[in-house]
Each structure stands twice: as structure tokens, then as C-alpha cells.
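K.L.:
My structure is stored as entry05.csv, with CSV, C-alpha atoms and all ligand atoms.
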```csv
chain,number,residue,atom,x,y,z
A,1,ASP,CA,0.0,0.0,0.0
A,2,TRP,CA,1.7,3.2,-1.2
A,3,THR,CA,0.1,5.4,1.5
A,4,MET,CA,1.5,3.4,4.3
A,5,ALA,CA,4.9,3.0,2.5
A,6,ALA,CA,5.0,6.8,2.3
A,7,TYR,CA,3.9,7.2,5.9
A,8,ARG,CA,6.7,4.9,7.0
A,9,GLU,CA,9.4,6.9,5.2
A,10,GLN,CA,8.0,10.1,6.5
A,11,ALA,CA,7.8,8.8,10.1
A,12,ILE,CA,11.3,7.5,9.9
A,13,ALA,CA,12.6,10.8,8.7
A,14,ALA,CA,10.7,12.6,11.5
A,15,ILE,CA,12.1,10.3,14.2
A,16,ARG,CA,15.7,10.8,13.0
A,17,LYS,CA,15.2,14.5,13.0
A,18,GLN,CA,13.7,14.6,16.5
A,19,VAL,CA,16.1,12.1,18.1
A,20,GLY,CA,19.4,13.1,16.4
A,21,ASP,CA,22.1,11.0,18.1
A,22,GLY,CA,20.1,10.8,21.4
A,23,LYS,CA,19.2,7.6,23.2
A,24,VAL,CA,15.6,6.3,23.3
A,25,ILE,CA,13.8,3.9,25.6
A,26,CYS,CA,10.6,2.4,24.2
A,27,ALA,CA,7.9,1.2,26.5
A,28,LEU,CA,6.8,-2.1,25.1
A,29,SER,CA,3.5,-3.7,26.2
A,30,GLY,CA,3.4,-6.6,23.7
A,31,GLY,CA,0.4,-5.0,22.0
A,32,VAL,CA,0.3,-3.9,18.4
A,33,ASP,CA,0.8,-0.2,19.1
A,34,SER,CA,4.0,-0.4,21.0
A,35,SER,CA,5.4,-3.2,18.9
A,36,VAL,CA,4.8,-1.2,15.7
A,37,ALA,CA,6.3,1.9,17.3
A,38,ALA,CA,9.4,0.0,18.5
A,39,VAL,CA,10.0,-1.6,15.0
A,40,LEU,CA,9.6,1.8,13.3
A,41,ILE,CA,11.9,3.5,15.7
A,42,HIS,CA,14.4,0.7,15.4
A,43,GLU,CA,14.4,1.1,11.7
A,44,ALA,CA,15.0,4.8,12.1
A,45,ILE,CA,17.8,4.8,14.7
A,46,GLY,CA,19.0,1.3,15.2
A,47,ASP,CA,20.9,0.6,18.4
A,48,GLN,CA,20.2,4.1,19.9
A,49,LEU,CA,17.0,2.3,20.9
A,50,THR,CA,16.4,0.1,24.0
A,51,CYS,CA,13.0,-1.5,24.6
A,52,VAL,CA,11.7,-2.1,28.1
A,53,PHE,CA,8.8,-4.5,28.9
A,54,VAL,CA,7.5,-3.8,32.4
A,55,ASP,CA,5.9,-6.7,34.2
A,56,HIS,CA,3.7,-4.9,36.7
A,57,GLY,CA,2.1,-8.1,38.1
A,58,LEU,CA,-1.1,-7.1,36.2
A,59,LEU,CA,-0.5,-9.2,33.1
A,60,ARG,CA,-2.6,-12.0,31.8
A,61,LYS,CA,-1.7,-15.7,32.3
A,62,ASP,CA,1.7,-16.5,30.8
A,63,GLU,CA,1.8,-13.1,29.1
A,64,ALA,CA,5.3,-12.0,30.1
A,65,ASP,CA,6.9,-15.2,28.7
A,66,GLU,CA,4.8,-15.0,25.5
A,67,VAL,CA,5.7,-11.4,24.8
A,68,VAL,CA,9.4,-11.7,25.6
A,69,GLY,CA,9.5,-14.9,23.5
A,70,MET,CA,7.7,-13.3,20.6
A,71,PHE,CA,10.2,-10.4,20.6
A,72,ARG,CA,13.2,-12.6,20.9
A,73,ASP,CA,12.0,-15.0,18.1
A,74,HIS,CA,10.6,-12.5,15.6
A,75,LEU,CA,12.1,-9.1,16.1
A,76,ASN,CA,15.7,-8.4,16.6
A,77,LEU,CA,15.2,-5.6,19.2
A,78,PRO,CA,17.3,-5.0,22.3
A,79,LEU,CA,14.8,-5.8,25.2
A,80,ILE,CA,15.0,-5.3,28.9
A,81,HIS,CA,12.4,-7.4,30.9
A,82,ALA,CA,11.7,-5.4,34.1
A,83,ASN,CA,10.0,-7.6,36.7
A,84,GLU,CA,8.4,-5.0,39.0
A,85,SER,CA,5.3,-6.8,40.2
A,86,GLU,CA,6.1,-6.4,43.9
A,87,LEU,CA,6.5,-2.7,43.5
A,88,PHE,CA,3.2,-2.2,41.7
A,89,LEU,CA,1.1,-4.6,43.7
A,90,SER,CA,2.3,-3.3,47.1
A,91,GLN,CA,1.5,0.3,46.1
A,92,LEU,CA,-1.9,-0.7,44.8
A,93,GLU,CA,-2.8,-2.5,48.0
A,94,GLY,CA,-5.9,-1.1,49.6
A,95,GLN,CA,-6.8,1.2,46.7
A,96,SER,CA,-10.1,0.9,45.1
A,97,ASP,CA,-10.8,4.2,43.3
A,98,PRO,CA,-10.3,3.9,39.5
A,99,GLU,CA,-8.5,7.2,39.0
A,100,THR,CA,-6.3,6.7,42.0
A,101,LYS,CA,-5.3,3.2,40.7
A,102,ARG,CA,-4.5,4.7,37.3
A,103,LYS,CA,-2.4,7.5,38.7
A,104,ILE,CA,-0.4,5.1,40.9
A,105,ILE,CA,0.3,2.9,38.0
A,106,GLY,CA,1.2,5.9,35.8
A,107,ARG,CA,3.6,7.2,38.4
A,108,LEU,CA,5.3,3.8,38.9
A,109,PHE,CA,5.7,3.3,35.2
A,110,ILE,CA,7.7,6.6,35.2
A,111,GLU,CA,9.8,5.4,38.1
A,112,VAL,CA,10.6,2.2,36.2
A,113,PHE,CA,11.4,4.0,33.0
A,114,GLU,CA,13.8,6.4,34.9
A,115,LYS,CA,15.4,3.4,36.6
A,116,THR,CA,15.9,1.7,33.3
A,117,ALA,CA,17.3,4.9,31.8
A,118,ARG,CA,19.9,5.0,34.5
A,119,GLU,CA,20.8,1.4,34.0
A,120,ILE,CA,21.7,2.0,30.4
A,121,GLY,CA,23.7,5.1,31.1
A,122,GLY,CA,20.9,7.6,30.5
A,123,ALA,CA,18.3,8.2,27.9
A,124,ASP,CA,17.0,11.4,26.2
A,125,PHE,CA,13.6,10.1,24.9
A,126,LEU,CA,10.8,7.9,26.0
A,127,ALA,CA,8.9,6.3,23.1
A,128,GLN,CA,5.3,5.2,23.3
A,129,GLY,CA,2.7,3.7,21.0
A,130,THR,CA,0.2,6.4,21.7
A,131,LEU,CA,-2.7,6.5,19.2
A,132,TYR,CA,-4.9,9.3,18.2
A,133,PRO,CA,-7.9,8.0,20.1
A,134,ASP,CA,-5.8,7.8,23.3
A,135,VAL,CA,-5.0,11.5,22.9
A,136,ILE,CA,-8.6,12.5,22.3
A,137,GLU,CA,-10.1,10.4,25.1
A,138,SER,CA,-7.8,11.6,27.7
A,139,VAL,CA,-8.8,15.2,27.1
A,140,SER,CA,-12.4,15.1,26.1
A,141,PHE,CA,-15.4,13.0,25.1
A,142,SER,CA,-16.9,13.5,21.7
A,143,GLY,CA,-20.1,15.6,21.8
A,144,GLY,CA,-19.9,16.4,25.4
A,145,PRO,CA,-18.0,19.0,27.6
A,146,SER,CA,-14.3,18.6,28.0
A,147,VAL,CA,-14.0,16.1,30.9
A,148,THR,CA,-11.5,13.4,31.7
A,149,ILE,CA,-13.2,10.0,31.3
A,150,LYS,CA,-10.0,8.1,32.1
A,151,SER,CA,-6.4,9.1,32.6
A,152,HIS,CA,-4.7,6.9,30.0
A,153,HIS,CA,-1.4,6.1,31.7
A,154,ASN,CA,0.5,6.6,28.5
A,155,VAL,CA,-0.6,10.1,27.6
A,156,GLY,CA,0.5,13.5,28.8
A,157,GLY,CA,2.4,14.8,31.8
A,158,LEU,CA,5.4,12.5,31.4
A,159,PRO,CA,8.1,14.8,29.9
A,160,GLU,CA,8.2,17.5,32.5
A,161,LYS,CA,8.4,15.0,35.3
A,162,MET,CA,11.0,12.8,33.7
A,163,GLY,CA,13.5,14.9,31.9
A,164,MET,CA,12.9,12.7,28.9
A,165,LYS,CA,11.1,13.9,25.8
A,166,LEU,CA,8.4,11.9,24.3
A,167,VAL,CA,8.6,10.2,20.9
A,168,GLU,CA,5.2,9.2,19.7
A,169,PRO,CA,5.3,8.2,16.0
A,170,LEU,CA,1.7,6.8,16.0
A,171,ARG,CA,0.0,9.8,17.5
A,172,GLU,CA,-1.9,10.6,14.4
A,173,LEU,CA,-3.0,7.1,13.6
A,174,PHE,CA,-6.1,5.0,14.3
A,175,LYS,CA,-5.8,1.3,15.2
A,176,ASP,CA,-6.6,0.0,11.8
A,177,GLU,CA,-3.9,2.3,10.3
A,178,VAL,CA,-1.4,1.0,12.9
A,179,ARG,CA,-2.2,-2.6,11.9
A,180,GLU,CA,-1.6,-1.6,8.2
A,181,LEU,CA,1.7,0.0,9.1
A,182,GLY,CA,2.7,-3.1,11.0
A,183,ARG,CA,2.0,-5.2,7.9
A,184,GLU,CA,4.0,-2.7,5.9
A,185,LEU,CA,6.9,-3.2,8.4
A,186,GLY,CA,6.6,-7.0,8.0
A,187,LEU,CA,5.4,-7.8,11.6
A,188,PRO,CA,4.0,-11.3,11.9
A,189,GLU,CA,0.2,-11.5,11.7
A,190,LYS,CA,0.0,-12.9,15.2
A,191,PHE,CA,1.2,-9.5,16.5
A,192,ILE,CA,-1.0,-7.5,14.2
A,193,GLY,CA,-4.2,-9.4,15.1
A,194,ARG,CA,-3.8,-9.3,18.9
A,195,HIS,CA,-6.7,-7.7,20.8
A,196,PRO,CA,-5.7,-4.4,22.5
A,197,PHE,CA,-4.6,-4.7,26.1
A,198,PRO,CA,-4.5,-1.6,28.3
A,199,GLY,CA,-1.3,-0.3,29.9
A,200,PRO,CA,-2.8,-0.6,33.5
A,201,GLY,CA,-3.6,-4.2,32.6
A,202,LEU,CA,-5.8,-6.3,34.9
A,203,ALA,CA,-6.0,-3.5,37.4
A,204,ILE,CA,-8.9,-2.0,35.5
A,205,ARG,CA,-10.6,-5.3,35.2
A,206,CYS,CA,-10.7,-5.8,38.9
A,207,PRO,CA,-13.0,-3.1,40.1
A,208,GLY,CA,-12.7,-2.4,43.9
A,209,GLU,CA,-9.7,-3.6,45.8
A,210,ILE,CA,-7.0,-5.4,43.9
A,211,THR,CA,-5.7,-8.5,45.6
A,212,ARG,CA,-3.3,-11.2,44.5
A,213,GLU,CA,-6.0,-13.8,45.0
A,214,LYS,CA,-8.5,-11.9,42.7
A,215,LEU,CA,-5.8,-11.4,40.1
A,216,GLU,CA,-5.0,-15.1,40.0
A,217,ILE,CA,-8.7,-16.0,39.7
A,218,LEU,CA,-9.1,-13.5,36.9
A,219,ARG,CA,-6.1,-14.8,35.0
A,220,GLU,CA,-7.5,-18.3,35.0
A,221,ALA,CA,-11.0,-17.3,34.0
A,222,ASP,CA,-9.7,-15.0,31.2
A,223,ALA,CA,-7.5,-17.7,29.8
A,224,ILE,CA,-10.5,-20.1,29.5
A,225,TYR,CA,-12.7,-17.4,27.9
A,226,ILE,CA,-10.1,-16.5,25.3
A,227,ASP,CA,-9.5,-20.2,24.6
A,228,GLN,CA,-13.3,-20.6,24.0
A,229,ILE,CA,-13.3,-17.6,21.7
A,230,ARG,CA,-10.4,-19.1,19.7
A,231,LYS,CA,-11.9,-22.5,19.6
A,232,HIS,CA,-15.1,-21.2,18.1
A,233,GLY,CA,-13.1,-19.2,15.5
A,234,LEU,CA,-14.4,-15.8,16.8
A,235,TYR,CA,-11.1,-14.1,17.9
A,236,ASP,CA,-10.7,-12.1,14.7
A,237,GLU,CA,-14.3,-11.0,14.6
A,238,ILE,CA,-14.0,-9.4,18.0
A,239,TRP,CA,-12.2,-6.2,18.7
A,240,GLN,CA,-11.5,-7.0,22.3
A,241,ALA,CA,-12.6,-9.6,24.8
A,242,PHE,CA,-11.8,-10.2,28.5
A,243,VAL,CA,-13.1,-11.1,31.9
A,244,ALA,CA,-13.6,-8.7,34.7
A,245,ILE,CA,-13.8,-10.0,38.3
A,246,LEU,CA,-16.5,-8.4,40.4
A,247,PRO,CA,-15.9,-7.1,43.9
A,248,VAL,CA,-18.7,-9.3,45.3
A,249,ARG,CA,-19.2,-12.8,46.4
A,250,THR,CA,-22.4,-14.6,45.7
A,251,VAL,CA,-24.0,-17.8,47.0
A,252,GLY,CA,-24.1,-20.9,44.8
A,253,VAL,CA,-24.4,-24.6,45.1
A,254,MET,CA,-22.1,-27.3,43.9
A,255,GLY,CA,-22.7,-31.0,44.4
A,256,ASP,CA,-24.5,-30.9,47.7
A,257,GLY,CA,-22.5,-28.0,49.2
A,258,ARG,CA,-23.0,-24.3,49.4
A,259,THR,CA,-20.4,-22.1,47.7
A,260,TYR,CA,-19.7,-18.4,48.4
A,261,ASP,CA,-17.4,-17.2,45.6
A,262,TYR,CA,-16.8,-14.3,43.3
A,263,ALA,CA,-18.9,-13.4,40.3
A,264,CYS,CA,-17.3,-12.4,37.1
A,265,ALA,CA,-18.4,-10.6,33.9
A,266,LEU,CA,-17.4,-11.6,30.4
A,267,ARG,CA,-16.9,-8.7,28.0
A,268,ALA,CA,-16.6,-8.8,24.2
A,269,VAL,CA,-17.1,-5.9,21.8
A,270,THR,CA,-16.8,-5.1,18.1
A,271,SER,CA,-15.4,-1.7,17.2
A,272,VAL,CA,-13.4,0.1,14.5
A,273,ASP,CA,-11.3,2.4,16.7
A,274,GLY,CA,-12.2,1.8,20.3
A,275,MET,CA,-14.1,5.1,20.5
A,276,THR,CA,-17.5,3.5,20.1
A,277,ALA,CA,-18.2,-0.2,20.5
A,278,ASP,CA,-21.1,-2.7,20.4
A,279,TYR,CA,-21.3,-5.8,22.6
A,280,TYR,CA,-20.7,-9.0,20.6
A,281,PRO,CA,-23.8,-11.1,20.0
A,282,PHE,CA,-22.6,-14.5,21.2
A,283,SER,CA,-24.9,-17.4,20.8
A,284,HIS,CA,-26.5,-18.7,24.0
A,285,GLU,CA,-24.8,-22.0,23.4
A,286,PHE,CA,-21.4,-20.3,23.5
A,287,LEU,CA,-22.2,-18.3,26.6
A,288,GLY,CA,-23.6,-21.4,28.4
A,289,GLU,CA,-20.6,-23.6,27.5
A,290,THR,CA,-18.1,-20.9,28.5
A,291,ALA,CA,-19.8,-20.2,31.9
A,292,THR,CA,-19.9,-23.9,32.7
A,293,ARG,CA,-16.2,-24.3,31.8
A,294,ILE,CA,-15.2,-21.3,33.9
A,295,ILE,CA,-17.3,-22.3,37.0
A,296,ASN,CA,-16.1,-26.0,36.8
A,297,SER,CA,-12.5,-25.2,36.5
A,298,VAL,CA,-11.8,-21.9,38.2
A,299,ARG,CA,-11.7,-22.1,41.9
A,300,GLY,CA,-13.1,-18.9,43.3
A,301,ILE,CA,-15.8,-18.2,40.7
A,302,ASN,CA,-19.3,-19.5,41.0
A,303,ARG,CA,-21.3,-17.1,38.8
A,304,VAL,CA,-20.7,-15.8,35.3
A,305,THR,CA,-22.5,-12.9,33.7
A,306,TYR,CA,-22.3,-11.4,30.2
A,307,ASP,CA,-21.9,-7.6,29.9
A,308,ILE,CA,-24.3,-6.3,27.1
A,309,THR,CA,-23.4,-2.6,27.4
A,310,SER,CA,-22.3,-0.8,24.3
A,311,LYS,CA,-20.0,2.2,24.3
A,312,PRO,CA,-21.4,4.8,24.9
A,313,PRO,CA,-22.9,4.7,27.4
A,314,GLY,CA,-20.4,2.1,28.8
A,315,THR,CA,-16.7,2.1,28.2
A,316,ILE,CA,-15.0,-1.0,27.0
A,317,GLU,CA,-13.0,-1.5,30.2
A,318,TRP,CA,-14.8,-1.5,33.5
A,319,GLU,CA,-12.6,1.3,35.0
A,401,LIG,P1,-12.3,2.4,27.2
A,401,LIG,O1,-12.4,1.6,28.4
A,401,LIG,O2,-11.9,3.8,27.5
A,401,LIG,O3,-11.2,1.8,26.3
A,401,LIG,O4,-13.6,2.4,26.3
A,401,LIG,C1,-10.9,2.1,25.0
A,401,LIG,C2,-9.7,1.3,24.5
A,401,LIG,O5,-8.5,1.8,25.2
A,401,LIG,C3,-7.9,0.8,26.0
A,401,LIG,N1,-7.5,1.5,27.2
A,401,LIG,C4,-6.2,1.8,27.5
A,401,LIG,N2,-5.0,1.6,26.8
A,401,LIG,N3,-3.8,2.7,28.5
A,401,LIG,C5,-3.9,2.0,27.3
A,401,LIG,O6,-2.8,1.7,26.7
A,401,LIG,C6,-4.9,2.9,29.2
A,401,LIG,O7,-4.7,3.5,30.3
A,401,LIG,C7,-6.1,2.5,28.7
A,401,LIG,N4,-7.4,2.6,29.2
A,401,LIG,C8,-8.2,1.9,28.3
A,401,LIG,C9,-9.0,-0.2,26.3
A,401,LIG,O8,-8.5,-1.5,26.5
A,401,LIG,C10,-9.7,-0.2,24.9
A,401,LIG,O9,-9.1,-0.9,23.9
```
For the structure just supplied, provide its representation as C-alpha cells.
P.N.:
Amino acid sequence: DWTMAAYREQAIAAIRKQVGDGKVICALSGGVDSSVAAVLIHEAIGDQLTCVFVDHGLLRKDEADEVVGMFRDHLNLPLIHANESELFLSQLEGQSDPETKRKIIGRLFIEVFEKTAREIGGADFLAQGTLYPDVIESVSFSGGPSVTIKSHHNVGGLPEKMGMKLVEPLRELFKDEVRELGRELGLPEKFIGRHPFPGPGLAIRCPGEITREKLEILREADAIYIDQIRKHGLYDEIWQAFVAILPVRTVGVMGDGRTYDYACALRAVTSVDGMTADYYPFSHEFLGETATRIINSVRGINRVTYDITSKPPGTIEWE
């Protein structure tokens, strides 16, 4: 596609011009956006780039290994794997307000990036895969007054606090354009087709207080749900799908015993750019089978609900 080929050349020239012979750290989440940003920047400045993947303890089941493995096997990028789960989880303990959680996570990301910068002998720039919708949604909401719906952790505020300038080569693009650019750059389809995963991770899928127990339950349930979606051949039709664990226990019965465990909500939406979304119309058979699998195999969940809220009025994530 000539448009993306032209965009690629233009973006590479702009990165070279901005960065000069400075050093860049790229925050890598394993998602499409940051992967495409990293590959593009690497093409522009080569080994002036160091990527950092922060494990904040809020990743999905086996995600750290998968992401680090994918990068090692497919992309020849210098990558630091920062395991900071203790730092994040200890600071989040006892917090249940959504914006407070997001702010704590945003602040800790900055700390980790600064630490990484020191480890590599200093860095002048922090690169992120910020997209156009991230920029808009952090400032205003279409049609309404200018209010913050959610503080996206990867937007705004960072440079002043950090002494690093931001490099955001995807800031003008929508998701479908980033995917196209990724193909243009030769990224494997399994990167390109991944559902989006938010920077704050499972924290915003665990409304109320975050505990290690709830995170563990959530990981197990989410893995089964995504497996179901893949088995039924629905992964690519869906923009994003995940489980949220609810901050409430409900009564159930199993065998001839009483259970008192968490309820969870399945979420799946279709969307073009994440700005608006419709809930995915699963068949009742699919929902029933998935609920049964989760309840039978995840200790700690005895009730499964399906979230049929579209965006607006809902948002995709629960926080
Ligand atoms: P919402 O929940 O606002 O989500 O409808 C829209 C899209 O953005 C993702 N999202 C985030 N991504 N940092 C990110 O990198 C964030 O803080 C963040 N919050 C939401 C969400 O997963 C969905 O794809």
C-alpha cells in the first residue's frame, strides 16, 4: 500500500530528525501499538533504541513469557524485561478508586522507566505507541463537555516529570492504520491481530480492591474465555474480549454443598477504533458452555454474567 509506505518513510525521517544521536527507551507492552512503534523507531535509529517490557504483576496468564518470547524470536530488538510486580502490587494495596489506581500505575511506570534509563547510562527520549484515540479520550469525550473519562497512563504529563522527551510516532493514527503500518513493516500476523490490552492491565478489570487472589482467579477465567473464543473461531471478529472479576461474592451450590465465591463478567465488543463499540452477540450455546467451563475449572468463581453494554454509554474496560 503506497500510502503506508509513504507514511513509513515520512515517520522514519521525523524520528531521525527529532532524536538526532540521542538515546531512546521504548515502553513495550506486547500489544500492536507499542510493537509497531518499536520496530519503526528501530528502523530509524538502530541501536540508539532500547526497549523495556514492564511486568507490573497485572498481566494475563503466561503473558510475560509470551511477549518476551515473541520479541526474541521474531524481532531483533534489544529488550529489557523489568519484573516490577512487587513494586506495583504493594503500592496498589488497599486502593479501590479507579482514577487513584490509574495514577499510581502511571507514576510507577515513570519510576521504572527512569530506573531503566539510569541502567543503560541515560536516555533522552521515551517512546510510546500512543494513538490518536488515546490522545482524544484523555482530554475530552466527543459531543460532550471537556471532561476526563479516564487518565490513560501513556498520555501526557510525562516529559516534565521525567527529563525525557516523548517520541510518539503513531500519535496521528487510528488502530486499523497502525495494523496496516505493522504489515508494511513486516510484523507477523500474530502480533497484528492481537486484541488491544490496556497499559494498566488487569488493574482496570478488577473493580474495587486489587488482591493477588483476585488477580489469580481473573487470569484463570480470562485464559479459558479467550480459549473458548479461539476454539469457536471468533477471535478475529471481536475487537477485544476479556473477563472482569467483580468485587462481590455470591451464593451458589455445587454438588450438595454451598459455595460463596466471586462473580465475574465476560466482555466482548466489536469496534473500529475503540471510540465506540457494540457488545458482541454471542450465541446462548457459546455463553452457556463458557460459563460452565469457567465455573467448573476456576476455583473462586461460582457465577458468570455477560456484559451487554455498548460504548457509549459504557466504556470498554470496567474502569
Ligand atoms: P475504554 O475503556 O476507554 O477503552 O472504552 C478504549 C480502549 O482503550 C484501552 N485502554 C487503554 N489503553 N492505556 C492503554 O494503553 C490505558 O490507560 C487504557 N485505558 C483503556 C481499552 O483496553 C480499549 O481498547
K.L.:
Given all atoms listed in the file as the basis, pick out the residue of A:Leu218, A:Met70, A:Ala265, A:Val32 nearest to ligand LIG 401 (chain A).
P.N.:
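Of A:Leu218, A:Met70, A:Ala265, A:Val32, the one nearest ligand LIG 401 (chain A) is A:Val32, counting all atoms listed in the file.
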K.L.:
Could you please determine the separation between atom CA of Gly186 of chain A and atom CA of Asp134 of chain A in Å, to one decimal place?
P.N.:
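We find that atom CA of Gly186 of chain A and atom CA of Asp134 of chain A lie 24.6 Å from each other.
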K.L.:
Counting all atoms listed in the file, which residue out of A:Leu202, A:Val52, A:Ala64, A:Val112 sits closest to Leu79 of chain A?
P.N.:
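Closest residue, counting all atoms listed in the file: A:Val52.
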K.L.:
Do you have the atom CA of Gly129 of chain A-atom CA of Lys61 of chain A distance handy?
P.N.:
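Distance reported for this atom pair: 22.9 Å.
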K.L.:
Would you mind telling me which residue in A:Ile105, A:Ala127, A:Val178, A:Val253 lies nearest to ligand LIG 401 (chain A) when using only C-alpha atoms and all ligand atoms?
P.N.:
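Checking each of A:Ile105, A:Ala127, A:Val178, A:Val253 against ligand LIG 401 (chain A), counting only C-alpha atoms and all ligand atoms, the winner is A:Ile105.
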K.L.:
Residues within 7 Å of ligand LIG 401 (chain A), counting only C-alpha atoms and all ligand atoms: report them as a list in words.
P.N.:
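Counting only C-alpha atoms and all ligand atoms, the residues within 7 Å of ligand LIG 401 (chain A) come out as Asp134, Lys150, Ser151, His152, His153, Asn154, Pro196, Phe197, Pro198, Gly199, Pro200, Gln240, Gly274, Met275, Lys311, Thr315, Ile316, Glu317, Trp318 and Glu319 of chain A.
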K.L.:
Show me the residues around (6.6, -8.7, 23.1) - criterion: an atom at most 8 Å away, only C-alpha atoms counted - as a list in words.
P.N.:
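Neighbouring residues, ordered by chain and number, come to Leu28, Ser29, Gly30, Gly31, Ser35, Phe53, Ala64, Glu66, Val67, Val68, Gly69, Met70, Phe71 and Arg72 of chain A.
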K.L.:
So that I can check the surroundings of Asp278 of chain A, please list as a list in words every protein, DNA and RNA residue that reaches within 12 Å of it, counting all atoms listed in the file and ignoring chain neighbours fewer than 4 positions away.
P.N.:
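Here the qualifying residues turn out to be Ile238, Trp239, Gln240, Ala241, Arg267, Ala268, Val269, Thr270, Ser271, Val272, Asp273, Gly274, Phe282, Asp307, Ile308, Thr309, Ser310, Lys311, Pro312, Pro313, Gly314, Thr315 and Ile316 of chain A.
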K.L.:
Which residue is closest to Ile226 of chain A? Choose from A:Val243, A:Val19, A:Val298, A:Leu92 and count only C-alpha atoms.
P.N.:
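Checking each candidate against Ile226 of chain A, we get A:Val243 as the closest.
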K.L.:
Mind pulling up the distance from atom CA of Pro133 of chain A to atom CA of Thr50 of chain A?
P.N.:
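Atom-to-atom, atom CA of Thr50 of chain A to atom CA of Pro133 of chain A, that is 25.8 Å.
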K.L.:
Between A:Ser90, A:Ser96, A:Ser85, A:Gln48, which residue has the minimum interatomic distance to Gly121 of chain A, considering all atoms listed in the file?
P.N.:
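With all atoms listed in the file as the atom set, the closest residue is A:Gln48.
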K.L.:
Check the smallest atom-to-atom distance from each of A:Glu9, A:Val135, A:Val36, A:Glu111 to Leu181 of chain A using all atoms listed in the file, then report the winner.
P.N.:
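Smallest distance to Leu181 of chain A is found for A:Val36.
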K.L.:
Please provide the set of residues having any atom within 10 Å of Asp236 of chain A, restricted to only C-alpha atoms, with same-chain residues fewer than 5 positions apart removed, written as a list in words.
P.N.:
Gly193, Arg194, His195, Ile229, Arg230 and Thr270 of chain A
